[in-house]
file start_9.tsv (TSV, C-alpha atoms and all ligand atoms)
chain	number	residue	atom	x	y	z
A	1356	MET	CA	23.06	-39.38	-104.80
A	1357	VAL	CA	20.97	-37.73	-102.09
A	1358	ALA	CA	20.67	-39.80	-98.90
A	1359	GLY	CA	17.39	-41.61	-98.34
A	1360	ARG	CA	16.75	-39.82	-95.06
A	1361	ALA	CA	16.87	-36.45	-96.87
A	1362	ASN	CA	14.88	-37.64	-99.86
A	1363	ASP	CA	12.20	-39.22	-97.72
A	1364	ILE	CA	11.51	-36.31	-95.38
A	1365	LYS	CA	8.10	-34.78	-96.07
A	1366	PRO	CA	7.83	-31.11	-97.00
A	1367	PHE	CA	6.20	-28.72	-94.54
A	1368	ILE	CA	3.15	-27.99	-96.75
A	1369	VAL	CA	2.30	-24.71	-95.08
A	1370	MET	CA	5.70	-23.43	-96.24
A	1371	ASP	CA	4.77	-24.55	-99.77
A	1372	VAL	CA	1.56	-22.48	-99.49
A	1373	LEU	CA	3.58	-19.52	-98.23
A	1374	GLU	CA	6.10	-19.84	-101.06
A	1375	LYS	CA	3.32	-20.02	-103.65
A	1376	ALA	CA	1.74	-16.96	-102.02
A	1377	CYS	CA	5.06	-15.09	-102.32
A	1378	GLU	CA	5.23	-16.08	-106.00
A	1379	LEU	CA	1.78	-14.53	-106.56
A	1380	GLU	CA	2.87	-11.43	-104.64
A	1381	CYS	CA	5.87	-11.09	-106.96
A	1382	GLN	CA	3.40	-11.09	-109.85
A	1383	GLY	CA	1.70	-8.09	-108.22
A	1384	GLU	CA	-1.18	-9.87	-106.43
A	1385	ASN	CA	-2.25	-8.89	-102.93
A	1386	ILE	CA	-2.40	-11.89	-100.60
A	1387	VAL	CA	-3.88	-12.07	-97.11
A	1388	HIS	CA	-1.69	-14.40	-95.07
A	1389	LEU	CA	-3.63	-16.61	-92.68
A	1390	GLU	CA	-1.40	-19.63	-93.27
A	1391	VAL	CA	1.73	-18.91	-91.27
A	1392	GLY	CA	2.11	-19.57	-87.57
A	1393	GLU	CA	4.17	-16.52	-86.84
A	1394	PRO	CA	3.34	-13.49	-84.68
A	1395	ASP	CA	2.86	-10.37	-86.82
A	1396	PHE	CA	3.88	-8.16	-83.89
A	1397	ASP	CA	7.18	-6.38	-83.74
A	1398	THR	CA	9.60	-7.88	-81.21
A	1399	PRO	CA	9.26	-5.99	-77.88
A	1400	ASP	CA	11.53	-2.94	-77.52
A	1401	CYS	CA	13.20	-4.27	-74.37
A	1402	VAL	CA	14.25	-7.38	-76.31
A	1403	LYS	CA	15.62	-5.37	-79.22
A	1404	ALA	CA	17.49	-3.09	-76.82
A	1405	ALA	CA	19.04	-6.11	-75.09
A	1406	VAL	CA	20.30	-7.50	-78.43
A	1407	ILE	CA	21.82	-4.14	-79.38
A	1408	GLN	CA	23.41	-3.69	-75.97
A	1409	ALA	CA	24.86	-7.21	-76.05
A	1410	ILE	CA	26.41	-6.56	-79.46
A	1411	GLU	CA	27.80	-3.19	-78.36
A	1412	GLU	CA	29.31	-4.81	-75.29
A	1413	GLY	CA	31.01	-7.40	-77.50
A	1414	PHE	CA	28.86	-10.23	-76.25
A	1415	THR	CA	29.30	-12.09	-79.53
A	1416	HIS	CA	31.19	-15.24	-78.61
A	1417	TYR	CA	30.28	-18.83	-77.82
A	1418	THR	CA	28.56	-19.40	-74.50
A	1419	HIS	CA	28.40	-22.45	-72.25
A	1420	SER	CA	26.78	-25.22	-74.28
A	1421	LEU	CA	23.90	-25.44	-71.80
A	1422	GLY	CA	23.29	-21.69	-72.18
A	1423	LEU	CA	23.96	-18.67	-69.98
A	1424	LEU	CA	23.37	-19.50	-66.33
A	1425	GLU	CA	21.47	-16.23	-65.86
A	1426	LEU	CA	19.03	-17.23	-68.62
A	1427	ARG	CA	18.61	-20.76	-67.28
A	1428	GLU	CA	17.90	-19.28	-63.83
A	1429	ALA	CA	15.35	-16.90	-65.36
A	1430	ILE	CA	13.66	-19.89	-67.07
A	1431	CYS	CA	13.51	-21.72	-63.72
A	1432	ASP	CA	12.00	-18.60	-62.10
A	1433	TYR	CA	9.42	-18.46	-64.90
A	1434	TYR	CA	8.39	-22.08	-64.28
A	1435	ALA	CA	8.34	-21.54	-60.50
A	1436	HIS	CA	6.21	-18.44	-60.85
A	1437	SER	CA	3.85	-19.78	-63.55
A	1438	TYR	CA	3.38	-23.38	-62.36
A	1439	GLU	CA	4.93	-23.63	-58.90
A	1440	VAL	CA	7.42	-26.11	-60.30
A	1441	ASN	CA	10.92	-26.13	-58.85
A	1442	LEU	CA	13.64	-26.75	-61.41
A	1443	ASP	CA	17.40	-26.87	-61.24
A	1444	PRO	CA	19.12	-24.68	-63.90
A	1445	GLU	CA	21.22	-27.81	-64.65
A	1446	GLN	CA	18.05	-29.37	-66.08
A	1447	VAL	CA	17.74	-26.65	-68.72
A	1448	LEU	CA	19.50	-26.64	-72.08
A	1449	VAL	CA	19.16	-23.47	-74.17
A	1450	THR	CA	18.91	-23.90	-77.95
A	1451	SER	CA	18.47	-21.83	-81.11
A	1452	GLY	CA	14.68	-22.17	-81.14
A	1453	SER	CA	12.73	-25.09	-79.78
A	1454	SER	CA	13.13	-27.02	-83.06
A	1455	PRO	CA	16.76	-28.08	-82.39
A	1456	ALA	CA	15.67	-29.09	-78.88
A	1457	ILE	CA	13.02	-31.41	-80.35
A	1458	PHE	CA	15.58	-32.89	-82.70
A	1459	MET	CA	18.18	-33.43	-79.99
A	1460	LEU	CA	15.75	-34.92	-77.52
A	1461	PHE	CA	14.62	-37.61	-79.94
A	1462	ALA	CA	18.23	-38.22	-80.99
A	1463	GLY	CA	19.01	-38.72	-77.29
A	1464	LEU	CA	15.95	-40.76	-76.37
A	1465	LEU	CA	15.13	-43.12	-79.22
A	1466	GLU	CA	16.77	-46.30	-80.45
A	1467	ALA	CA	15.82	-47.46	-83.94
A	1468	GLY	CA	12.25	-48.80	-83.88
A	1469	ASP	CA	11.26	-47.06	-80.63
A	1470	GLN	CA	7.78	-45.61	-80.71
A	1471	VAL	CA	6.44	-42.20	-79.76
A	1472	ILE	CA	2.71	-41.63	-79.40
A	1473	ILE	CA	1.49	-38.43	-80.99
A	1474	SER	CA	-1.96	-36.98	-81.58
A	1475	ASP	CA	-3.46	-36.82	-85.05
A	1476	PRO	CA	-3.71	-33.96	-85.99
A	1477	HIS	CA	-0.36	-32.69	-84.66
A	1478	TYR	CA	2.26	-30.06	-85.45
A	1479	ALA	CA	3.39	-31.08	-88.93
A	1480	CYS	CA	7.07	-31.55	-88.10
A	1481	TYR	CA	6.73	-33.94	-85.11
A	1482	PRO	CA	6.65	-37.24	-87.06
A	1483	ASN	CA	9.54	-36.06	-89.22
A	1484	PHE	CA	11.78	-35.47	-86.20
A	1485	ILE	CA	10.92	-38.94	-84.91
A	1486	ARG	CA	11.42	-40.74	-88.24
A	1487	PHE	CA	14.69	-38.90	-88.90
A	1488	VAL	CA	16.27	-40.71	-85.95
A	1489	GLN	CA	14.63	-44.01	-86.99
A	1490	GLY	CA	11.85	-43.85	-84.44
A	1491	GLU	CA	8.25	-44.63	-85.23
A	1492	PRO	CA	5.42	-42.15	-84.63
A	1493	VAL	CA	2.24	-43.90	-83.48
A	1494	MET	CA	-0.87	-41.82	-84.08
A	1495	VAL	CA	-3.77	-41.46	-81.68
A	1496	PRO	CA	-6.69	-39.71	-83.40
A	1497	VAL	CA	-8.28	-36.75	-81.62
A	1498	PHE	CA	-11.67	-35.35	-82.59
A	1499	GLU	CA	-13.37	-31.99	-82.80
A	1500	ASP	CA	-16.27	-33.20	-80.60
A	1501	ASP	CA	-14.08	-32.92	-77.53
A	1502	GLY	CA	-11.90	-30.07	-78.72
A	1503	PHE	CA	-9.25	-32.33	-80.25
A	1504	GLN	CA	-8.16	-33.43	-76.79
A	1505	TYR	CA	-6.45	-36.74	-76.28
A	1506	ARG	CA	-8.67	-39.42	-74.77
A	1507	PRO	CA	-6.38	-41.14	-72.25
A	1508	GLU	CA	-8.07	-44.51	-72.89
A	1509	GLU	CA	-7.11	-44.24	-76.59
A	1510	ILE	CA	-3.49	-43.61	-75.59
A	1511	GLN	CA	-3.61	-46.62	-73.27
A	1512	LYS	CA	-4.57	-48.86	-76.19
A	1513	LYS	CA	-1.48	-47.81	-78.16
A	1514	ILE	CA	1.09	-48.26	-75.38
A	1515	ALA	CA	3.37	-51.16	-76.34
A	1516	PRO	CA	6.78	-52.49	-75.20
A	1517	LYS	CA	8.52	-50.16	-77.68
A	1518	THR	CA	6.68	-47.02	-76.56
A	1519	ARG	CA	9.32	-44.61	-75.25
A	1520	ALA	CA	7.24	-41.46	-74.99
A	1521	ILE	CA	3.85	-39.80	-75.29
A	1522	PHE	CA	3.94	-36.43	-77.00
A	1523	ILE	CA	1.54	-33.71	-75.85
A	1524	ASN	CA	1.14	-30.13	-77.09
A	1525	SER	CA	-1.24	-27.87	-75.22
A	1526	PRO	CA	-2.28	-25.29	-76.38
A	1527	SER	CA	-2.02	-27.15	-79.63
A	1528	ASN	CA	-0.89	-26.31	-83.08
A	1529	PRO	CA	-2.97	-26.75	-85.31
A	1530	THR	CA	-6.15	-26.89	-83.18
A	1531	GLY	CA	-5.64	-24.01	-80.73
A	1532	THR	CA	-7.32	-26.07	-78.00
A	1533	LEU	CA	-6.08	-27.07	-74.54
A	1534	LEU	CA	-5.76	-30.42	-72.85
A	1535	SER	CA	-7.81	-30.38	-69.64
A	1536	GLU	CA	-6.01	-30.68	-66.31
A	1537	LYS	CA	-7.84	-33.95	-65.61
A	1538	ARG	CA	-6.73	-35.56	-68.86
A	1539	MET	CA	-3.19	-34.26	-68.45
A	1540	GLN	CA	-3.06	-35.80	-64.97
A	1541	ALA	CA	-4.31	-39.11	-66.36
A	1542	ILE	CA	-1.69	-39.07	-69.13
A	1543	ALA	CA	1.06	-38.25	-66.63
A	1544	GLN	CA	0.32	-41.57	-64.87
A	1545	PHE	CA	1.29	-43.66	-67.89
A	1546	GLU	CA	4.58	-45.55	-67.86
A	1547	PRO	CA	6.40	-43.95	-70.86
A	1548	TYR	CA	8.03	-40.53	-70.60
A	1549	ILE	CA	5.83	-37.56	-71.44
A	1550	VAL	CA	7.21	-35.08	-73.94
A	1551	SER	CA	5.39	-31.76	-73.65
A	1552	ASP	CA	5.69	-28.96	-76.19
A	1553	GLU	CA	4.75	-25.86	-74.18
A	1554	ILE	CA	5.66	-23.28	-76.82
A	1555	TYR	CA	2.17	-21.73	-76.85
A	1556	HIS	CA	2.01	-21.34	-73.08
A	1557	GLY	CA	1.13	-17.78	-72.13
A	1558	LEU	CA	-1.12	-17.45	-75.19
A	1559	VAL	CA	-4.24	-18.72	-73.43
A	1560	TYR	CA	-7.44	-16.65	-73.54
A	1561	LYS	CA	-9.73	-18.68	-71.29
A	1562	GLY	CA	-8.75	-21.08	-68.52
A	1563	LYS	CA	-5.14	-21.93	-67.74
A	1564	ALA	CA	-2.45	-23.99	-69.42
A	1565	HIS	CA	-0.77	-26.49	-67.13
A	1566	SER	CA	2.80	-27.67	-67.43
A	1567	ILE	CA	3.27	-31.42	-67.43
A	1568	LEU	CA	5.96	-30.84	-64.78
A	1569	GLU	CA	3.17	-30.10	-62.29
A	1570	TYR	CA	2.22	-33.78	-62.49
A	1571	THR	CA	5.36	-35.77	-63.19
A	1572	ASP	CA	9.16	-35.55	-63.21
A	1573	ARG	CA	9.36	-38.21	-65.91
A	1574	ALA	CA	8.87	-35.56	-68.53
A	1575	PHE	CA	10.67	-33.47	-71.10
A	1576	VAL	CA	9.49	-29.96	-71.88
A	1577	PHE	CA	10.16	-27.84	-74.96
A	1578	ASN	CA	9.54	-24.17	-74.81
A	1579	GLY	CA	10.80	-21.09	-76.58
A	1580	PHE	CA	10.57	-17.38	-77.21
A	1581	SER	CA	9.27	-17.44	-80.81
A	1582	LYS	CA	5.56	-17.23	-80.15
A	1583	LEU	CA	4.94	-15.57	-76.77
A	1584	PHE	CA	7.58	-12.88	-77.26
A	1585	ALA	CA	7.30	-12.51	-81.06
A	1586	MET	CA	10.94	-13.54	-81.49
A	1587	THR	CA	10.70	-16.16	-84.29
A	1588	GLY	CA	13.68	-14.85	-86.26
A	1589	LEU	CA	15.91	-14.46	-83.23
A	1590	ARG	CA	15.81	-18.25	-82.70
A	1591	LEU	CA	15.74	-19.03	-79.01
A	1592	GLY	CA	14.25	-22.00	-77.21
A	1593	TYR	CA	15.02	-24.57	-74.54
A	1594	LEU	CA	14.65	-28.11	-73.33
A	1595	ILE	CA	13.90	-29.08	-69.73
A	1596	ALA	CA	14.86	-32.70	-69.05
A	1597	PRO	CA	15.44	-35.12	-66.16
A	1598	LEU	CA	19.04	-34.57	-65.00
A	1599	GLU	CA	20.34	-37.92	-66.28
A	1600	PHE	CA	19.49	-36.91	-69.87
A	1601	ILE	CA	21.19	-33.54	-69.79
A	1602	ARG	CA	24.82	-34.61	-70.21
A	1603	PRO	CA	24.13	-36.89	-73.23
A	1604	ILE	CA	22.00	-34.25	-74.93
A	1605	GLN	CA	24.53	-31.56	-74.04
A	1606	LYS	CA	27.15	-33.61	-75.91
A	1607	ILE	CA	24.90	-33.71	-78.98
A	1608	HIS	CA	24.48	-29.94	-78.67
A	1609	GLN	CA	28.23	-29.35	-78.31
A	1610	ASN	CA	28.99	-31.42	-81.40
A	1611	PHE	CA	26.25	-30.23	-83.72
A	1612	PHE	CA	25.40	-26.69	-82.58
A	1613	ILE	CA	28.06	-25.65	-79.98
A	1614	SER	CA	25.84	-23.10	-78.22
A	1615	ALA	CA	22.82	-20.90	-78.84
A	1616	ASN	CA	23.43	-17.35	-80.10
A	1617	ALA	CA	25.05	-15.34	-77.28
A	1618	THR	CA	23.40	-11.96	-77.93
A	1619	VAL	CA	19.99	-13.54	-78.30
A	1620	GLN	CA	20.37	-15.32	-74.97
A	1621	LYS	CA	20.77	-11.89	-73.39
A	1622	ALA	CA	17.55	-10.88	-75.15
A	1623	GLY	CA	15.84	-13.95	-73.68
A	1624	ILE	CA	16.67	-12.73	-70.17
A	1625	ALA	CA	15.17	-9.32	-71.01
A	1626	ALA	CA	12.06	-10.99	-72.47
A	1627	LEU	CA	11.41	-13.05	-69.34
A	1628	LYS	CA	12.10	-10.20	-66.95
A	1629	ASP	CA	10.79	-7.08	-68.73
A	1630	ALA	CA	8.37	-7.97	-71.54
A	1631	GLY	CA	5.28	-8.65	-69.36
A	1632	ASP	CA	3.38	-5.56	-70.55
A	1633	ASP	CA	4.16	-6.31	-74.19
A	1634	VAL	CA	2.96	-9.88	-73.80
A	1635	ALA	CA	-0.28	-8.68	-72.13
A	1636	ARG	CA	-0.89	-6.24	-75.00
A	1637	MET	CA	-0.26	-8.87	-77.70
A	1638	LYS	CA	-2.41	-11.40	-75.89
A	1639	ALA	CA	-5.36	-9.01	-75.61
A	1640	THR	CA	-5.10	-8.26	-79.34
A	1641	TYR	CA	-4.91	-11.96	-80.26
A	1642	ASP	CA	-8.02	-12.58	-78.21
A	1643	LYS	CA	-10.02	-9.95	-80.15
A	1644	ARG	CA	-8.85	-11.47	-83.41
A	1645	ARG	CA	-9.66	-14.96	-82.17
A	1646	ARG	CA	-13.26	-14.06	-81.41
A	1647	PHE	CA	-13.66	-12.22	-84.70
A	1648	THR	CA	-12.17	-15.08	-86.75
A	1649	ILE	CA	-14.37	-17.70	-85.08
A	1650	LYS	CA	-17.48	-15.58	-85.62
A	1651	ARG	CA	-16.77	-14.93	-89.31
A	1652	LEU	CA	-15.85	-18.55	-90.05
A	1653	ARG	CA	-19.03	-19.78	-88.39
A	1654	GLU	CA	-21.10	-17.27	-90.39
A	1655	MET	CA	-19.62	-18.80	-93.54
A	1656	GLY	CA	-20.60	-22.33	-92.50
A	1657	PHE	CA	-17.26	-23.68	-91.23
A	1658	GLY	CA	-17.59	-26.13	-88.36
A	1659	ILE	CA	-16.03	-25.09	-85.05
A	1660	LYS	CA	-17.57	-27.31	-82.37
A	1661	VAL	CA	-15.31	-26.28	-79.50
A	1662	GLU	CA	-13.89	-22.75	-79.47
A	1663	PRO	CA	-10.11	-22.71	-79.56
A	1664	THR	CA	-8.81	-20.80	-76.53
A	1665	GLY	CA	-5.04	-20.87	-77.02
A	1666	ALA	CA	-2.17	-20.29	-79.45
A	1667	PHE	CA	-3.35	-18.31	-82.52
A	1668	TYR	CA	-5.12	-20.90	-84.65
A	1669	VAL	CA	-8.63	-21.95	-85.59
A	1670	PHE	CA	-8.87	-25.45	-87.03
A	1671	ALA	CA	-12.13	-25.30	-88.93
A	1672	ASN	CA	-14.09	-28.12	-90.46
A	1673	ALA	CA	-14.32	-27.48	-94.21
A	1674	LYS	CA	-15.75	-30.84	-95.24
A	1675	HIS	CA	-18.85	-29.13	-96.63
A	1676	LEU	CA	-16.53	-27.58	-99.23
A	1677	SER	CA	-14.14	-30.44	-99.93
A	1678	ASN	CA	-12.49	-33.53	-98.51
A	1679	ASP	CA	-9.23	-32.63	-100.21
A	1680	SER	CA	-7.79	-29.86	-98.05
A	1681	TYR	CA	-4.56	-29.61	-100.07
A	1682	THR	CA	-6.37	-28.79	-103.32
A	1683	LEU	CA	-8.83	-26.57	-101.46
A	1684	ALA	CA	-6.06	-24.51	-99.80
A	1685	PHE	CA	-4.25	-23.91	-103.10
A	1686	ASP	CA	-7.57	-23.16	-104.81
A	1687	ILE	CA	-8.41	-20.57	-102.14
A	1688	LEU	CA	-4.95	-19.07	-102.55
A	1689	GLN	CA	-5.18	-18.93	-106.34
A	1690	ASN	CA	-8.74	-17.65	-106.57
A	1691	ALA	CA	-9.43	-15.74	-103.34
A	1692	HIS	CA	-5.84	-14.67	-102.68
A	1693	VAL	CA	-5.99	-15.86	-99.08
A	1694	GLY	CA	-3.30	-18.16	-97.67
A	1695	VAL	CA	-4.64	-20.95	-95.42
A	1696	ALA	CA	-3.00	-24.14	-94.19
A	1697	PRO	CA	-4.52	-27.46	-95.37
A	1698	GLY	CA	-5.51	-29.82	-92.55
A	1699	ILE	CA	-3.74	-32.75	-94.20
A	1700	ASP	CA	-0.41	-31.08	-93.36
A	1701	PHE	CA	-1.12	-31.96	-89.72
A	1702	GLY	CA	-1.94	-35.65	-90.16
A	1703	SER	CA	-4.44	-37.81	-92.03
A	1704	ASN	CA	-7.07	-37.15	-89.36
A	1705	GLY	CA	-6.75	-33.42	-90.16
A	1706	GLU	CA	-8.04	-34.05	-93.68
A	1707	GLY	CA	-11.11	-31.97	-94.47
A	1708	TYR	CA	-10.06	-29.12	-92.17
A	1709	LEU	CA	-8.32	-25.81	-92.77
A	1710	ARG	CA	-6.11	-24.04	-90.25
A	1711	PHE	CA	-6.53	-20.29	-90.00
A	1712	SER	CA	-3.86	-18.33	-88.18
A	1713	TYR	CA	-5.06	-15.09	-86.59
A	1714	ALA	CA	-1.54	-13.78	-86.15
A	1715	ASN	CA	-2.45	-10.95	-88.52
A	1716	SER	CA	-4.13	-7.57	-88.09
A	1717	ILE	CA	-7.90	-7.48	-87.63
A	1718	GLU	CA	-8.16	-5.43	-90.85
A	1719	ASN	CA	-6.30	-8.10	-92.82
A	1720	ILE	CA	-8.32	-10.89	-91.21
A	1721	ALA	CA	-11.54	-9.04	-92.09
A	1722	GLU	CA	-10.36	-8.63	-95.68
A	1723	GLY	CA	-9.35	-12.31	-95.85
A	1724	MET	CA	-12.75	-13.41	-94.54
A	1725	GLN	CA	-14.53	-11.18	-97.05
A	1726	ARG	CA	-12.56	-12.69	-99.91
A	1727	LEU	CA	-13.21	-16.18	-98.62
A	1728	GLU	CA	-16.94	-15.50	-98.40
A	1729	THR	CA	-17.05	-14.27	-101.99
A	1730	TYR	CA	-15.06	-17.34	-103.09
A	1731	ILE	CA	-17.42	-19.74	-101.27
A	1732	LYS	CA	-20.48	-18.07	-102.79
A	1733	SER	CA	-18.96	-18.50	-106.24
A	1734	LEU	CA	-18.59	-22.28	-105.87
A	1801	LIG	C1	3.94	-26.63	-81.81
A	1801	LIG	C2	5.22	-26.03	-82.26
A	1801	LIG	N1	6.37	-26.48	-81.73
A	1801	LIG	C3	7.56	-25.98	-82.10
A	1801	LIG	C4	7.65	-25.00	-83.09
A	1801	LIG	C5	9.01	-24.50	-83.48
A	1801	LIG	O1	9.26	-23.24	-82.99
A	1801	LIG	P1	10.71	-22.59	-82.83
A	1801	LIG	O2	11.72	-23.51	-83.42
A	1801	LIG	O3	10.62	-21.27	-83.54
A	1801	LIG	O4	10.90	-22.43	-81.35
A	1801	LIG	C6	6.48	-24.50	-83.68
A	1801	LIG	C7	6.53	-23.49	-84.75
A	1801	LIG	O5	5.58	-23.20	-85.43
A	1801	LIG	C8	5.23	-25.02	-83.24
A	1801	LIG	O6	4.07	-24.59	-83.74

call {"tool": "encode", "arguments": {"input": "start_9.tsv", "output": "structure tokens"}}
result
Amino acid sequence: MVAGRANDIKPFIVMDVLEKACELECQGENIVHLEVGEPDFDTPDCVKAAVIQAIEEGFTHYTHSLGLLELREAICDYYAHSYEVNLDPEQVLVTSGSSPAIFMLFAGLLEAGDQVIISDPHYACYPNFIRFVQGEPVMVPVFEDDGFQYRPEEIQKKIAPKTRAIFINSPSNPTGTLLSEKRMQAIAQFEPYIVSDEIYHGLVYKGKAHSILEYTDRAFVFNGFSKLFAMTGLRLGYLIAPLEFIRPIQKIHQNFFISANATVQKAGIAALKDAGDDVARMKATYDKRRRFTIKRLREMGFGIKVEPTGAFYVFANAKHLSNDSYTLAFDILQNAHVGVAPGIDFGSNGEGYLRFSYANSIENIAEGMQRLETYIKSL
């Protein structure tokens, strides 16, 4: 019999949309993919060259379980340079993508029944990580009127004796919006630890993303190379934690994962040191697509009260079309041949919205919008 914890875990619906889209593609249909949160850009040449060089030099063995010191130092330099935050490389644990870091942090932080405050909507997997280690996600709704930002007073109301952490994600998946510096400062004052997913840092088109570490040391940060450096398949991420948490989490890492991929760690060093021009090019292209996507969606009647200025998502209000985003997303896929992510995947407060990813070429986005417009007119 399958264990309850495996049976009970919720599917990642956007992957279900993608898999259905692939099924249609196998039947010969042409699908425009606006559902997946994955850069369409090729991985920068300097990163590829570093992987190849590492393999040629036989750099294919286990590394230190915390990660290569040179990479951890480069991560500290990146935080010093970007946020004027001074970190010790001993506070950094390198992982195969940020996902294992999220898993290990909650395994290391939560006792059964401990609560973690998360925004609703949120990245679909967050509650599943928390529940998997018997924690309890506590939702704080966020609303499009103020750009889906947390209202600190709403967080305050949910803080209870069992609250171990408050989870923030700015720029956010699925909303693409940023938490203001003022609100972040207010949240940093709360008693529980702050857990900050900073994976979309660097992909900010207006204003500036702030690291939670600028405001408090009682914080855990996840970050990774998947989004900013278009390295999703290479699997590289990291956790920054207060020193006293590193050894326990390192032991979890040693037991369950041993170390991150050695060659890819070398590529991470190259990304941080040499991929600045590539990042600037990708960012400028995302920004053009962002403005185009917002404009076209608004022309079609989707509600976008506050323009998203980070990551590569637009979380658009589709309540004029349906209040059942799951059915709507599959209907759009089936009839318009456009993949979109249903808002319900990101929490009950995301119901009635659709998430559009603009990590696709402007030509494909234009085609997707055209198909969507024809579909809407046919309703
Ligand atoms: C907010 C957020 N956090 C974490 C991840 C996981 O990224 P990875 O494991 O590739 O680092 C994703 C991926 O979509 C994400 O959107």

call {"tool": "residues_near_ligand", "arguments": {"input": "start_9.tsv", "ligand": "ligand LIG 1801 (chain A)", "cutoff": "6 Å", "atoms": "all atoms listed in the file", "output": "MDAnalysis selection string"}}
result
chainID A and resid 1392 1452:1454 1478 1528 1554 1579 1581 1587 1592

call {"tool": "closest_residue", "arguments": {"input": "start_9.tsv", "among": "A:Ile1604, A:Ala1721, A:Ile1699, A:Cys1381", "to": "His1477 (chain A)", "atoms": "all atoms listed in the file"}}
result
A:Ile1699

call {"tool": "axis_aligned_box", "arguments": {"input": "start_9.tsv", "around": "region 1573-1587 of chain A", "padding_each_side": "4 Å", "output": "AutoDock Vina command-line options"}}
result
--center_x 7.9 --center_y -25.4 --center_z -75.1 --size_x 14.0 --size_y 33.7 --size_z 26.4

call {"tool": "closest_atom_pairs", "arguments": {"input": "start_9.tsv", "of": "region 1421-1484 of chain A", "to": "region 1360-1365 of chain A", "cutoff": "10 Å", "atoms": "all atoms listed in the file", "output": "CSV"}}
result
residue,atom,partner,partner_atom,distance
A:Ala1479,CA,A:Lys1365,CA,9.3
A:Cys1480,CA,A:Lys1365,CA,8.7
A:Pro1482,CA,A:Lys1365,CA,9.5
A:Asn1483,CA,A:Ile1364,CA,6.5
A:Phe1484,CA,A:Ile1364,CA,9.2

call {"tool": "write_last_selection", "arguments": {"input": "start_9.tsv", "atoms": "C-alpha atoms", "output": "tab-separated table (two decimals), in the frame of the given file"}}
result
chain	number	residue	atom	x	y	z
A	1479	ALA	CA	3.39	-31.08	-88.93
A	1480	CYS	CA	7.07	-31.55	-88.10
A	1482	PRO	CA	6.65	-37.24	-87.06
A	1483	ASN	CA	9.54	-36.06	-89.22
A	1484	PHE	CA	11.78	-35.47	-86.20

call {"tool": "residues_around", "arguments": {"input": "start_9.tsv", "residues": "Phe1584 (chain A)", "least_positions_apart": "4", "cutoff": "10 Å", "atoms": "only C-alpha atoms", "output": "VMD selection string"}}
result
chain A and resid 1394 1396 to 1399 1402 1557 1579 to 1580 1623 1626 to 1627 1630 to 1631 1633 to 1634 1637

call {"tool": "atom_distance", "arguments": {"input": "start_9.tsv", "atom1": "CA of Glu1706 (chain A)", "atom2": "CA of Asp1679 (chain A)"}}
result
6.8 Å

call {"tool": "closest_residue", "arguments": {"input": "start_9.tsv", "among": "A:Pro1526, A:Asp1572, A:Leu1465, A:Ser1680", "to": "Glu1599 (chain A)", "atoms": "all atoms listed in the file"}}
result
A:Asp1572

call {"tool": "closest_residue", "arguments": {"input": "start_9.tsv", "among": "A:Asp1395, A:Tyr1433, A:Ser1451, A:Arg1573", "to": "Val1619 (chain A)", "atoms": "all atoms listed in the file"}}
result
A:Ser1451

call {"tool": "atom_distance", "arguments": {"input": "start_9.tsv", "atom1": "CA of Val1661 (chain A)", "atom2": "CA of Tyr1555 (chain A)"}}
result
18.3 Å

call {"tool": "atom_distance", "arguments": {"input": "start_9.tsv", "atom1": "CA of Leu1589 (chain A)", "atom2": "CA of Gly1422 (chain A)"}}
result
15.1 Å

call {"tool": "residues_around", "arguments": {"input": "start_9.tsv", "residues": "Gln1540 (chain A)", "least_positions_apart": "4", "cutoff": "8 Å", "atoms": "all atoms listed in the file", "output": "ChimeraX atom specification"}}
result
/A:1536,1544,1570

call {"tool": "residues_around", "arguments": {"input": "start_9.tsv", "residues": "Asp1501 (chain A)", "least_positions_apart": "5", "cutoff": "10 Å", "atoms": "all atoms listed in the file", "output": "list of chain:residue names"}}
result
A:Arg1506, A:Thr1532, A:Leu1534, A:Lys1660, A:Val1661

call {"tool": "residues_around", "arguments": {"input": "start_9.tsv", "residues": "Ile1485 (chain A)", "least_positions_apart": "5", "cutoff": "8 Å", "atoms": "only C-alpha atoms", "output": "NGL selection string"}}
result
:A and (1458 or 1461 or 1471 or 1490-1492)

call {"tool": "residues_around", "arguments": {"input": "start_9.tsv", "residues": "Tyr1668 (chain A)", "least_positions_apart": "3", "cutoff": "6 Å", "atoms": "only C-alpha atoms", "output": "PyMOL selection string"}}
result
chain A and resi 1531+1711-1712

call {"tool": "closest_residue", "arguments": {"input": "start_9.tsv", "among": "A:Lys1638, A:Lys1621, A:Arg1602, A:Lys1643", "to": "Val1406 (chain A)", "atoms": "all atoms listed in the file"}}
result
A:Lys1621

call {"tool": "closest_residue", "arguments": {"input": "start_9.tsv", "among": "A:Ala1515, A:Ile1457, A:Met1494, A:Val1576", "to": "Pro1476 (chain A)", "atoms": "all atoms listed in the file"}}
result
A:Met1494

call {"tool": "closest_residue", "arguments": {"input": "start_9.tsv", "among": "A:Ile1649, A:Val1550, A:Leu1683, A:Leu1598", "to": "Ala1456 (chain A)", "atoms": "all atoms listed in the file"}}
result
A:Val1550
